[in-house]
Amino acid sequence: MTSVLVVHSGRLDPVENMALDEAALLAPDARLRIYGWSPAGLSLGYFQRYADFADEPGEHVVVRRATGGGAILHDDEITFALTGPAELLPRDLGASYDLVHDAIRTTLARFGVTTRRHGRGPASCRPDERWCFAKPTCHDLTTPRGKIVGSAQRRTGGSSPRFLHHGSIFLRPPSWPATSGSVAEFVDPDVVRDELEHELATAIVRALGCDAATGAEPPDDIETARDAVRARLRRR
Amino acid sequence: MRPDDRKYMKSHEWAKTEGEFALVGISDYAVEHLSDLVFLDLPEVGSTVSADEPFGEIESVKAVSDLYAPVSGEIVEINQDLPDDLDTLKTDPWNAGWMIKVKLTGESPNLMGAAAYEEHLKSEE
């Protein structure tokens, strides 16, 4: 059985977060990084341009994700980056989102946070909608107020195909979009945050049919990858 | 049966050789499984590609996927209209949906003919 290294990174700088995620994509193992943002971040989907968000108000660091989809304001949320060999996820993109989302949905439910798969609409709102949380797709999880989990992927090929799956679960809604769902609709995020993080990690790893091994990021390959990725993140 | 006038990669790109040049695209299987294509990024004319290395990126269903080059060489032409009309990949991935034209210096040793590619697809299902 494949072992997934679960890393609880804490709240990191947005550039640091994206660099570590891309480093994990380059690494050979399976990894689940769970983290927060300090300061707040505005992450753009891989094909979005910095210039299109230059006038966004607020104090946040703008970064680019390696994954697709629309922009997200990251503030009080649980973010995760799941990376590993391609065979750990269904090849079908929609099925892979549903697998991860079902693990999140059942975990949130145990904390009293009721969500459901939106189940209608397109599989992607891009390129018409530039904000990830503005409009749910058929695979998204929603609360009565709106979308609560943002997800996007990158898939690499070659001799060792791999994936990076990004997920953002809003604990409290950011300033934009105003229609986002969040954990705070149901419970006090400060009360459940730590336990929810650990339960989510367990559920996601279990959904992959893997074992979890908690630890820290391997330092050697990470530092090299960080330097390369930092330069690329600010390129466009 | 897919066209047998070209060679295929396991990652579903194809190369059709015409003299010292090759057209490169992706198969109908790739288009079907990516679904809902929204962005395509192709390299610039004059740049070079290396066999089995990424030459472009495509986004679908909030997922970015790398496109891999079946051949090596200099890019002499790109299908400029394609990024703005990705439906072409659905309607005609074999001809109008070509992506780049390469002046050949080599090709991947892992390319398959159409029959072998069909067998590969069966193993993926």
# chains A, B, ... in the order shown; residues from 1 in each chain; ligands from 1
$ residues_around --residues "stretch 39-41 of chain B" --least-positions-apart "4" --cutoff "6 Å" --atoms "only C-alpha atoms" --output "NGL selection string"
:B and (56-59 or 83)
$ write_last_selection --atoms "N, CA and C atoms" --output "short mmCIF file (atom, residue, chain, number, x, y, z; two decimals), in the first residue's frame"
data_model
loop_
_atom_site.label_atom_id
_atom_site.label_comp_id
_atom_site.auth_asym_id
_atom_site.auth_seq_id
_atom_site.Cartn_x
_atom_site.Cartn_y
_atom_site.Cartn_z
N GLY B 56 4.07 22.36 -24.61
CA GLY B 56 2.94 23.26 -24.41
C GLY B 56 2.10 22.79 -23.24
N GLU B 57 1.06 23.56 -22.96
CA GLU B 57 0.18 23.25 -21.83
C GLU B 57 -1.26 23.51 -22.24
N ILE B 58 -2.16 22.71 -21.65
CA ILE B 58 -3.57 22.86 -21.98
C ILE B 58 -4.38 22.79 -20.69
N GLU B 59 -5.42 23.62 -20.59
CA GLU B 59 -6.27 23.60 -19.38
C GLU B 59 -7.67 23.12 -19.73
N PRO B 83 -5.65 28.27 -30.32
CA PRO B 83 -5.96 28.67 -28.93
C PRO B 83 -7.27 29.44 -28.80
#
$ closest_atom_pairs --of "chain B" --to "chain A" --cutoff "6 Å" --atoms "only C-alpha atoms" --output "tab-separated table"
residue	atom	partner	partner_atom	distance
B:Val61	CA	A:Ser124	CA	4.9
B:Lys62	CA	A:Gly69	CA	4.2
B:Ala63	CA	A:Gln153	CA	4.3
B:Val64	CA	A:Arg154	CA	4.6
B:Ser65	CA	A:Arg155	CA	4.8
B:Asp66	CA	A:Thr156	CA	5.6
$ write_last_selection --atoms "C-alpha atoms" --output "PDB file, in the first residue's frame"
ATOM      1  CA  VAL B  61     -11.872  21.250 -16.067  1.00  0.00           C
ATOM      2  CA  LYS B  62      -9.577  23.372 -13.878  1.00  0.00           C
ATOM      3  CA  ALA B  63      -6.657  21.047 -14.642  1.00  0.00           C
ATOM      4  CA  VAL B  64      -3.485  22.053 -16.437  1.00  0.00           C
ATOM      5  CA  SER B  65      -1.801  19.251 -18.389  1.00  0.00           C
ATOM      6  CA  ASP B  66       1.542  19.224 -20.147  1.00  0.00           C
TER       7      ASP B  66
END
$ select_by_dssp --residues "stretch 52-117 of chain B" --states "alpha helix (DSSP H)" --output "VMD selection string"
chain B and resid 87 to 91 114 to 117
$ residues_around --residues "A:Gly150" --least-positions-apart "6" --cutoff "7 Å" --atoms "only C-alpha atoms" --output "CSV table (one decimal) with N, CA and C atoms, in the first residue's frame"
chain,number,residue,atom,x,y,z
A,132,CYS,N,-12.6,31.8,-8.7
A,132,CYS,CA,-12.9,30.3,-8.5
A,132,CYS,C,-14.2,30.2,-7.8
A,133,PHE,N,-14.4,31.0,-6.8
A,133,PHE,CA,-15.6,30.8,-5.9
A,133,PHE,C,-16.8,31.5,-6.3
A,167,GLY,N,-6.6,22.2,-3.0
A,167,GLY,CA,-7.9,22.4,-2.4
A,167,GLY,C,-7.9,23.5,-1.4
A,168,SER,N,-8.9,24.4,-1.4
A,168,SER,CA,-9.1,25.5,-0.5
A,168,SER,C,-10.5,25.3,0.2
A,169,ILE,N,-10.5,25.2,1.5
A,169,ILE,CA,-11.7,25.0,2.2
A,169,ILE,C,-11.9,26.3,3.1
$ residues_around --residues "B:Leu86" --least-positions-apart "5" --cutoff "10 Å" --atoms "only C-alpha atoms" --output "ChimeraX atom specification"
/B:31,36-40,81,91,93,97
$ decode --residues "stretch 46-58 of chain A" --atoms "N, CA and C atoms" --output "mmCIF file, in the first residue's frame"
data_model
loop_
_atom_site.group_PDB
_atom_site.id
_atom_site.type_symbol
_atom_site.label_atom_id
_atom_site.label_comp_id
_atom_site.auth_asym_id
_atom_site.auth_seq_id
_atom_site.Cartn_x
_atom_site.Cartn_y
_atom_site.Cartn_z
ATOM 1 N N TYR A 46 -3.243 29.040 -13.316
ATOM 2 C CA TYR A 46 -2.007 29.010 -14.104
ATOM 3 C C TYR A 46 -2.077 29.883 -15.353
ATOM 4 N N PHE A 47 -3.227 29.951 -15.988
ATOM 5 C CA PHE A 47 -3.346 30.706 -17.236
ATOM 6 C C PHE A 47 -3.832 32.139 -17.031
ATOM 7 N N GLN A 48 -4.015 32.551 -15.794
ATOM 8 C CA GLN A 48 -4.450 33.927 -15.556
ATOM 9 C C GLN A 48 -3.239 34.853 -15.467
ATOM 10 N N ARG A 49 -3.487 36.135 -15.765
ATOM 11 C CA ARG A 49 -2.385 37.085 -15.843
ATOM 12 C C ARG A 49 -2.425 38.057 -14.673
ATOM 13 N N TYR A 50 -1.232 38.370 -14.168
ATOM 14 C CA TYR A 50 -1.125 39.317 -13.056
ATOM 15 C C TYR A 50 -1.785 40.648 -13.400
ATOM 16 N N ALA A 51 -1.595 41.087 -14.632
ATOM 17 C CA ALA A 51 -2.100 42.409 -15.011
ATOM 18 C C ALA A 51 -3.609 42.513 -14.837
ATOM 19 N N ASP A 52 -4.305 41.403 -14.982
ATOM 20 C CA ASP A 52 -5.762 41.428 -14.870
ATOM 21 C C ASP A 52 -6.236 41.579 -13.428
ATOM 22 N N PHE A 53 -5.320 41.454 -12.466
ATOM 23 C CA PHE A 53 -5.701 41.546 -11.054
ATOM 24 C C PHE A 53 -4.917 42.650 -10.332
ATOM 25 N N ALA A 54 -4.261 43.478 -11.108
ATOM 26 C CA ALA A 54 -3.376 44.495 -10.519
ATOM 27 C C ALA A 54 -4.143 45.491 -9.659
ATOM 28 N N ASP A 55 -5.408 45.719 -9.971
ATOM 29 C CA ASP A 55 -6.163 46.739 -9.251
ATOM 30 C C ASP A 55 -7.027 46.173 -8.132
ATOM 31 N N GLU A 56 -6.870 44.908 -7.805
ATOM 32 C CA GLU A 56 -7.682 44.338 -6.732
ATOM 33 C C GLU A 56 -7.309 44.986 -5.402
ATOM 34 N N PRO A 57 -8.306 45.453 -4.633
ATOM 35 C CA PRO A 57 -7.997 46.099 -3.351
ATOM 36 C C PRO A 57 -7.625 45.053 -2.298
ATOM 37 N N GLY A 58 -6.993 45.519 -1.240
ATOM 38 C CA GLY A 58 -6.681 44.633 -0.120
ATOM 39 C C GLY A 58 -5.203 44.364 0.009
#
